[in-house]
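Take a look at the structure below.
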Amino acid sequence: MTLSRLILALTASTLFTGGAFAAELSLVSGSVGKDIEELRAQLDDFEEESGHTVKIVEMPASTTDQFGQYRLWLSAGNEDIDVYRTDVIWAPQLAGSLVDLSEAAKDIVGQHFPSMIESQTVDGKLVALPMYTDAPALYYRTDLLEKYGKEPPKTWSELEATAKEIQDKEREAGNGQMNGFVFQGAPYEGLTCDGLEWVASNGGGQIVSPDGEITINNPKAAAALERAKGWVGTIAPDGVLAYKEEESRGVWQTGNAVFMRNWPYAYALSNGDDSAVAGKFDVVPLPASEGGSSAACLGGWNLAVSKYSQNQEAAIDLVKFLSSEKAQKQRAVNQSRLPTIPTLYDDAEIAEKQPIVAEWKEVVTNAVPRPSAPTKRQYNEVSKEFWTAVNETISGRGSAADNLDQLEKRLRRLKRSAWE
């Protein structure tokens, strides 16, 4: 960098106060629920402690849209964004544009689940620090299951039967808006998560195996998607084909669903003052097929520093602050976000205020990862091909067997050209 450019960058992005530079940082983040509100409160604390200022650049809720914009900015060497909030699956694809945090974070990485740190390590470089992890739950109406003498379902067959019976009886009783089950059916990254859970819980594998073999085109995977197709228009509304997390939560939180598949963030919101289901619900692990095991997709969000940032030192301090035990506890208590620091699962205050957090450690530990590691920089394309095939199937456009056969062919072309 030339001297004149350095002076210009410092003038544009820092203030000189008290003998030290106070940086003006920008953090880009998507959100669901009250993520931005919570983030702003923590940034206010950081500003007070550090003297730096932080602006939030808000993104759409769709992780697919976020990733597309991130990749554009980073490929262009954008200096305007210092810190990126990144999905757990993005590390291999964005690593080349992110700062290696290994040295700066060497004193704190041991506090986190080793698997969370490993997921953000690419070619020996730690490219992001964990903010929180995620693994979805099956939300159910305790009042309605008690009313009709039902237990929380452990299998998809039990869910179908219970959802249909309660939905129909509630509609007969005058609640014409009641639905049996809501989930994320729109064609985006969220459907990759839902679809992977259906397939894996039926013994159909993980789309691409850890060693890079394409495994999705098999009878058990097809059967799982055919089962899900049968939900649309029966226990789930036709509109579920366009639902993301917040649309699902909207139906659920107004009291118009018996069951919902969603992430833990919805737990705190569902108990809010404006929720029709506050005090009337609980959560259990997602169902499985007979003989199968519950499969919760591993999620979570991290914080990365752009290598194009002109304020890398201050940005690293911000990332460490937001990934700290204090910040993660606040997020758990206020938003039922799952910590990446194991000791917080034994915290009494968290357990009292957000029981799902204390109960979800085993679910997180055994969660099913998406195949971002074996597909490397092509993960986003692989995921798009998968969610498209799933959405086509549950929308009634072709059989699961035919759609998975076509999916396998497309993935084989991607593999030959990119990830081998």
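Each chain in the structure tokens gets a letter, A, B, ..., in the order shown, and its residues are numbered from 1; ligands are numbered from 1 in order too.
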Practice prompt. Extract, using only C-alpha atoms, all DNA, RNA and protein residues at most 6 Å from Ala389 in chain A, discarding same-chain residues fewer than 3 positions from it, and format them as a ChimeraX atom specification.
Written response: /A:386,392,403
Just all heavy atoms for this one: save the residues we selected as a PDB file, in the first residue's frame.
```pdb
ATOM      1  N   PHE A 386     -29.037 -29.934  -4.607  1.00  0.00           N
ATOM      2  CA  PHE A 386     -29.816 -30.792  -3.701  1.00  0.00           C
ATOM      3  C   PHE A 386     -31.133 -30.144  -3.326  1.00  0.00           C
ATOM      4  O   PHE A 386     -32.196 -30.770  -3.414  1.00  0.00           O
ATOM      5  CB  PHE A 386     -28.999 -31.114  -2.446  1.00  0.00           C
ATOM      6  CG  PHE A 386     -29.756 -31.930  -1.436  1.00  0.00           C
ATOM      7  CD1 PHE A 386     -30.135 -33.235  -1.714  1.00  0.00           C
ATOM      8  CD2 PHE A 386     -30.099 -31.400  -0.195  1.00  0.00           C
ATOM      9  CE1 PHE A 386     -30.842 -34.001  -0.780  1.00  0.00           C
ATOM     10  CE2 PHE A 386     -30.794 -32.145   0.741  1.00  0.00           C
ATOM     11  CZ  PHE A 386     -31.171 -33.453   0.446  1.00  0.00           C
ATOM     12  N   GLU A 392     -38.366 -29.668  -5.923  1.00  0.00           N
ATOM     13  CA  GLU A 392     -39.094 -30.216  -7.062  1.00  0.00           C
ATOM     14  C   GLU A 392     -39.928 -31.416  -6.633  1.00  0.00           C
ATOM     15  O   GLU A 392     -41.092 -31.560  -7.019  1.00  0.00           O
ATOM     16  CB  GLU A 392     -38.110 -30.635  -8.161  1.00  0.00           C
ATOM     17  CG  GLU A 392     -37.431 -29.481  -8.871  1.00  0.00           C
ATOM     18  CD  GLU A 392     -38.346 -28.802  -9.875  1.00  0.00           C
ATOM     19  OE1 GLU A 392     -38.797 -29.469 -10.815  1.00  0.00           O
ATOM     20  OE2 GLU A 392     -38.620 -27.591  -9.691  1.00  0.00           O
ATOM     21  N   ASN A 403     -35.854 -37.520  -9.667  1.00  0.00           N
ATOM     22  CA  ASN A 403     -35.137 -36.288  -9.327  1.00  0.00           C
ATOM     23  C   ASN A 403     -33.765 -36.572  -8.727  1.00  0.00           C
ATOM     24  O   ASN A 403     -32.798 -35.842  -8.987  1.00  0.00           O
ATOM     25  CB  ASN A 403     -35.968 -35.431  -8.382  1.00  0.00           C
ATOM     26  CG  ASN A 403     -37.158 -34.785  -9.079  1.00  0.00           C
ATOM     27  OD1 ASN A 403     -37.119 -34.539 -10.282  1.00  0.00           O
ATOM     28  ND2 ASN A 403     -38.218 -34.511  -8.343  1.00  0.00           N
TER      29      ASN A 403
END
```
As a PDB file with C-alpha atoms, in the first residue's frame, which residues of range 171-411 of chain A does DSSP assign to alpha helix (DSSP H)?
```
ATOM      1  CA  ARG A 171     -60.622 -27.559  12.337  1.00  0.00           C
ATOM      2  CA  GLU A 172     -63.892 -29.332  13.051  1.00  0.00           C
ATOM      3  CA  GLU A 189     -30.080 -23.470   2.063  1.00  0.00           C
ATOM      4  CA  GLY A 190     -32.648 -24.120   4.788  1.00  0.00           C
ATOM      5  CA  LEU A 191     -34.252 -26.845   2.664  1.00  0.00           C
ATOM      6  CA  THR A 192     -30.872 -28.533   2.342  1.00  0.00           C
ATOM      7  CA  CYS A 193     -30.938 -28.804   6.144  1.00  0.00           C
ATOM      8  CA  ASP A 194     -34.504 -30.136   6.304  1.00  0.00           C
ATOM      9  CA  GLY A 195     -33.955 -32.508   3.389  1.00  0.00           C
ATOM     10  CA  LEU A 196     -30.712 -33.837   4.840  1.00  0.00           C
ATOM     11  CA  GLU A 197     -32.527 -34.570   8.116  1.00  0.00           C
ATOM     12  CA  TRP A 198     -35.297 -36.501   6.349  1.00  0.00           C
ATOM     13  CA  VAL A 199     -32.803 -38.513   4.310  1.00  0.00           C
ATOM     14  CA  ALA A 200     -30.308 -39.211   7.101  1.00  0.00           C
ATOM     15  CA  PRO A 219     -33.920 -45.996  -2.329  1.00  0.00           C
ATOM     16  CA  LYS A 220     -33.920 -44.879   1.311  1.00  0.00           C
ATOM     17  CA  ALA A 221     -33.247 -41.264   0.339  1.00  0.00           C
ATOM     18  CA  ALA A 222     -36.005 -41.416  -2.283  1.00  0.00           C
ATOM     19  CA  ALA A 223     -38.454 -42.903   0.215  1.00  0.00           C
ATOM     20  CA  ALA A 224     -37.713 -40.113   2.710  1.00  0.00           C
ATOM     21  CA  LEU A 225     -38.459 -37.414   0.130  1.00  0.00           C
ATOM     22  CA  GLU A 226     -41.621 -39.157  -1.055  1.00  0.00           C
ATOM     23  CA  ARG A 227     -42.797 -39.203   2.546  1.00  0.00           C
ATOM     24  CA  ALA A 228     -42.178 -35.467   2.878  1.00  0.00           C
ATOM     25  CA  LYS A 229     -44.042 -34.827  -0.385  1.00  0.00           C
ATOM     26  CA  GLU A 245     -37.540 -20.115   9.191  1.00  0.00           C
ATOM     27  CA  GLU A 246     -39.490 -16.956   9.934  1.00  0.00           C
ATOM     28  CA  GLU A 247     -42.557 -17.937   7.871  1.00  0.00           C
ATOM     29  CA  SER A 248     -42.711 -21.226   9.751  1.00  0.00           C
ATOM     30  CA  ARG A 249     -42.345 -19.446  13.073  1.00  0.00           C
ATOM     31  CA  GLY A 250     -45.053 -16.970  12.098  1.00  0.00           C
ATOM     32  CA  VAL A 251     -47.624 -19.737  11.605  1.00  0.00           C
ATOM     33  CA  TRP A 252     -46.511 -21.549  14.739  1.00  0.00           C
ATOM     34  CA  GLN A 253     -46.343 -18.513  17.015  1.00  0.00           C
ATOM     35  CA  TYR A 265     -33.755 -19.281  18.435  1.00  0.00           C
ATOM     36  CA  ALA A 266     -37.520 -19.805  18.086  1.00  0.00           C
ATOM     37  CA  TYR A 267     -37.754 -21.125  21.647  1.00  0.00           C
ATOM     38  CA  ALA A 268     -37.217 -17.774  23.378  1.00  0.00           C
ATOM     39  CA  LEU A 269     -39.423 -15.963  20.856  1.00  0.00           C
ATOM     40  CA  SER A 270     -42.213 -18.514  21.244  1.00  0.00           C
ATOM     41  CA  GLN A 312      -7.675  -5.758  11.307  1.00  0.00           C
ATOM     42  CA  GLU A 313      -6.386  -5.447  14.867  1.00  0.00           C
ATOM     43  CA  ALA A 314      -9.585  -3.778  16.105  1.00  0.00           C
ATOM     44  CA  ALA A 315     -11.689  -6.208  14.058  1.00  0.00           C
ATOM     45  CA  ILE A 316      -9.957  -9.174  15.692  1.00  0.00           C
ATOM     46  CA  ASP A 317     -10.680  -7.662  19.118  1.00  0.00           C
ATOM     47  CA  LEU A 318     -14.349  -7.397  18.126  1.00  0.00           C
ATOM     48  CA  VAL A 319     -14.496 -11.019  16.970  1.00  0.00           C
ATOM     49  CA  LYS A 320     -12.918 -12.210  20.218  1.00  0.00           C
ATOM     50  CA  PHE A 321     -15.373 -10.114  22.224  1.00  0.00           C
ATOM     51  CA  LEU A 322     -18.443 -11.500  20.441  1.00  0.00           C
ATOM     52  CA  GLU A 325     -18.016 -16.745  27.210  1.00  0.00           C
ATOM     53  CA  LYS A 326     -19.758 -13.580  28.416  1.00  0.00           C
ATOM     54  CA  ALA A 327     -21.266 -12.809  25.011  1.00  0.00           C
ATOM     55  CA  GLN A 328     -22.288 -16.420  24.420  1.00  0.00           C
ATOM     56  CA  LYS A 329     -24.022 -16.600  27.797  1.00  0.00           C
ATOM     57  CA  GLN A 330     -25.973 -13.408  27.047  1.00  0.00           C
ATOM     58  CA  ARG A 331     -27.026 -14.895  23.702  1.00  0.00           C
ATOM     59  CA  ALA A 332     -28.114 -18.130  25.367  1.00  0.00           C
ATOM     60  CA  VAL A 333     -30.140 -16.412  28.105  1.00  0.00           C
ATOM     61  CA  ASN A 334     -31.781 -13.810  25.868  1.00  0.00           C
ATOM     62  CA  GLN A 335     -32.213 -15.711  22.613  1.00  0.00           C
ATOM     63  CA  ALA A 348     -27.679 -22.681  36.193  1.00  0.00           C
ATOM     64  CA  GLU A 349     -29.036 -19.350  34.938  1.00  0.00           C
ATOM     65  CA  ILE A 350     -29.134 -20.554  31.335  1.00  0.00           C
ATOM     66  CA  ALA A 351     -30.839 -23.799  32.370  1.00  0.00           C
ATOM     67  CA  GLU A 352     -33.488 -21.871  34.305  1.00  0.00           C
ATOM     68  CA  LYS A 353     -34.268 -19.303  31.640  1.00  0.00           C
ATOM     69  CA  PRO A 355     -34.157 -25.118  29.230  1.00  0.00           C
ATOM     70  CA  ILE A 356     -33.614 -26.070  25.586  1.00  0.00           C
ATOM     71  CA  VAL A 357     -29.981 -24.948  25.833  1.00  0.00           C
ATOM     72  CA  ALA A 358     -29.129 -27.208  28.764  1.00  0.00           C
ATOM     73  CA  GLU A 359     -30.968 -30.122  27.139  1.00  0.00           C
ATOM     74  CA  LYS A 361     -25.729 -30.501  24.313  1.00  0.00           C
ATOM     75  CA  GLU A 362     -26.053 -34.136  23.196  1.00  0.00           C
ATOM     76  CA  VAL A 363     -28.074 -33.148  20.128  1.00  0.00           C
ATOM     77  CA  VAL A 364     -25.355 -30.685  19.122  1.00  0.00           C
ATOM     78  CA  THR A 365     -22.604 -33.218  19.735  1.00  0.00           C
ATOM     79  CA  SER A 372     -19.041 -28.735   2.923  1.00  0.00           C
ATOM     80  CA  ALA A 373     -15.726 -30.397   3.797  1.00  0.00           C
ATOM     81  CA  PRO A 374     -15.653 -33.028   1.015  1.00  0.00           C
ATOM     82  CA  THR A 375     -17.126 -30.722  -1.644  1.00  0.00           C
ATOM     83  CA  TYR A 379     -20.400 -26.778  -1.617  1.00  0.00           C
ATOM     84  CA  ASN A 380     -22.803 -23.964  -2.482  1.00  0.00           C
ATOM     85  CA  GLU A 381     -23.394 -25.415  -5.960  1.00  0.00           C
ATOM     86  CA  VAL A 382     -23.841 -28.926  -4.515  1.00  0.00           C
ATOM     87  CA  SER A 383     -26.316 -27.639  -1.951  1.00  0.00           C
ATOM     88  CA  LYS A 384     -28.264 -25.708  -4.589  1.00  0.00           C
ATOM     89  CA  GLU A 385     -28.586 -28.820  -6.728  1.00  0.00           C
ATOM     90  CA  PHE A 386     -29.816 -30.792  -3.701  1.00  0.00           C
ATOM     91  CA  TRP A 387     -32.359 -28.267  -2.457  1.00  0.00           C
ATOM     92  CA  THR A 388     -33.673 -27.866  -5.992  1.00  0.00           C
ATOM     93  CA  ALA A 389     -34.227 -31.619  -6.299  1.00  0.00           C
ATOM     94  CA  VAL A 390     -35.930 -31.709  -2.891  1.00  0.00           C
ATOM     95  CA  ASN A 391     -38.188 -28.749  -3.666  1.00  0.00           C
ATOM     96  CA  GLU A 392     -39.094 -30.216  -7.062  1.00  0.00           C
ATOM     97  CA  THR A 393     -40.038 -33.481  -5.375  1.00  0.00           C
ATOM     98  CA  ILE A 394     -42.144 -32.108  -2.536  1.00  0.00           C
ATOM     99  CA  ALA A 400     -38.064 -38.570  -5.829  1.00  0.00           C
ATOM    100  CA  ALA A 401     -36.329 -41.441  -7.647  1.00  0.00           C
ATOM    101  CA  ASP A 402     -36.205 -39.561 -10.952  1.00  0.00           C
ATOM    102  CA  ASN A 403     -35.137 -36.288  -9.327  1.00  0.00           C
ATOM    103  CA  LEU A 404     -32.363 -37.977  -7.348  1.00  0.00           C
ATOM    104  CA  ASP A 405     -31.164 -39.762 -10.452  1.00  0.00           C
ATOM    105  CA  GLN A 406     -30.856 -36.409 -12.225  1.00  0.00           C
ATOM    106  CA  LEU A 407     -29.244 -34.917  -9.128  1.00  0.00           C
ATOM    107  CA  GLU A 408     -26.570 -37.595  -9.109  1.00  0.00           C
ATOM    108  CA  LYS A 409     -25.714 -36.860 -12.748  1.00  0.00           C
ATOM    109  CA  ARG A 410     -25.384 -33.124 -12.037  1.00  0.00           C
ATOM    110  CA  LEU A 411     -23.246 -33.757  -8.951  1.00  0.00           C
TER     111      LEU A 411
END
```
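Listed by chain and then by rising number, the residues of range 191-312 of chain A that DSSP assigns to strand (DSSP E) from the backbone are A:Ala257, A:Val258, A:Phe259, A:Met260, A:Arg261, A:Asn262, A:Phe281, A:Asp282, A:Val283, A:Val284, A:Gly299, A:Gly300, A:Trp301, A:Asn302, A:Leu303, A:Ala304, A:Val305.
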Export, as a short mmCIF file (atom, residue, chain, number, x, y, z; two decimals), in the first residue's frame, the selected residues with N, CA, C and O atoms.
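result_16.cif, freshly written:
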```cif
data_model
loop_
_atom_site.label_atom_id
_atom_site.label_comp_id
_atom_site.auth_asym_id
_atom_site.auth_seq_id
_atom_site.Cartn_x
_atom_site.Cartn_y
_atom_site.Cartn_z
N ALA A 257 -50.28 -24.15 14.40
CA ALA A 257 -49.59 -25.39 14.04
C ALA A 257 -49.45 -26.27 15.28
O ALA A 257 -49.23 -25.77 16.38
N VAL A 258 -49.55 -27.56 15.06
CA VAL A 258 -49.36 -28.52 16.15
C VAL A 258 -47.87 -28.79 16.34
O VAL A 258 -47.38 -28.87 17.47
N PHE A 259 -47.15 -28.92 15.23
CA PHE A 259 -45.71 -29.20 15.27
C PHE A 259 -44.97 -28.21 14.36
O PHE A 259 -45.50 -27.74 13.36
N MET A 260 -43.71 -27.95 14.72
CA MET A 260 -42.85 -27.11 13.88
C MET A 260 -41.42 -27.63 13.97
O MET A 260 -40.92 -27.95 15.05
N ARG A 261 -40.75 -27.67 12.82
CA ARG A 261 -39.31 -27.91 12.80
C ARG A 261 -38.64 -26.55 12.71
O ARG A 261 -38.90 -25.77 11.80
N ASN A 262 -37.78 -26.23 13.68
CA ASN A 262 -37.07 -24.96 13.63
C ASN A 262 -35.87 -25.01 14.56
O ASN A 262 -35.68 -25.96 15.33
N PHE A 281 -45.93 -25.05 24.92
CA PHE A 281 -45.16 -25.87 24.00
C PHE A 281 -43.91 -26.41 24.67
O PHE A 281 -43.51 -25.98 25.75
N ASP A 282 -43.31 -27.37 24.02
CA ASP A 282 -42.02 -27.90 24.45
C ASP A 282 -41.30 -28.40 23.20
O ASP A 282 -41.84 -28.30 22.09
N VAL A 283 -40.09 -28.94 23.38
CA VAL A 283 -39.32 -29.44 22.25
C VAL A 283 -38.79 -30.83 22.54
O VAL A 283 -38.55 -31.20 23.70
N VAL A 284 -38.60 -31.60 21.47
CA VAL A 284 -37.96 -32.91 21.54
C VAL A 284 -37.07 -33.03 20.30
O VAL A 284 -37.22 -32.27 19.34
N GLY A 299 -25.79 -26.66 12.46
CA GLY A 299 -25.76 -25.28 11.99
C GLY A 299 -24.83 -24.47 12.85
O GLY A 299 -24.00 -25.01 13.59
N GLY A 300 -24.97 -23.17 12.78
CA GLY A 300 -24.16 -22.30 13.63
C GLY A 300 -23.54 -21.17 12.85
O GLY A 300 -23.42 -21.22 11.62
N TRP A 301 -23.15 -20.13 13.58
CA TRP A 301 -22.61 -18.92 12.96
C TRP A 301 -21.31 -18.52 13.63
O TRP A 301 -21.11 -18.75 14.83
N ASN A 302 -20.45 -17.93 12.83
CA ASN A 302 -19.09 -17.61 13.25
C ASN A 302 -18.77 -16.17 12.86
O ASN A 302 -19.56 -15.50 12.18
N LEU A 303 -17.60 -15.71 13.24
CA LEU A 303 -17.17 -14.34 12.97
C LEU A 303 -15.79 -14.36 12.35
O LEU A 303 -14.85 -14.94 12.90
N ALA A 304 -15.68 -13.72 11.18
CA ALA A 304 -14.43 -13.73 10.43
C ALA A 304 -14.00 -12.30 10.12
O ALA A 304 -14.84 -11.41 9.94
N VAL A 305 -12.71 -12.10 10.03
CA VAL A 305 -12.14 -10.79 9.70
C VAL A 305 -11.67 -10.80 8.25
O VAL A 305 -10.92 -11.69 7.83
#
```
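Residue nearest Pro369 in chain A within the list A:Leu144, A:Ala22, A:Leu286, A:Val208: A:Val208 [criterion: smallest interatomic distance, only C-alpha atoms].
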Discussion item. Please report the interatomic distance between CA of Leu27 in chain A and CA of Asp82 in chain A in Å with one decimal.
Written reply: 6.0 Å
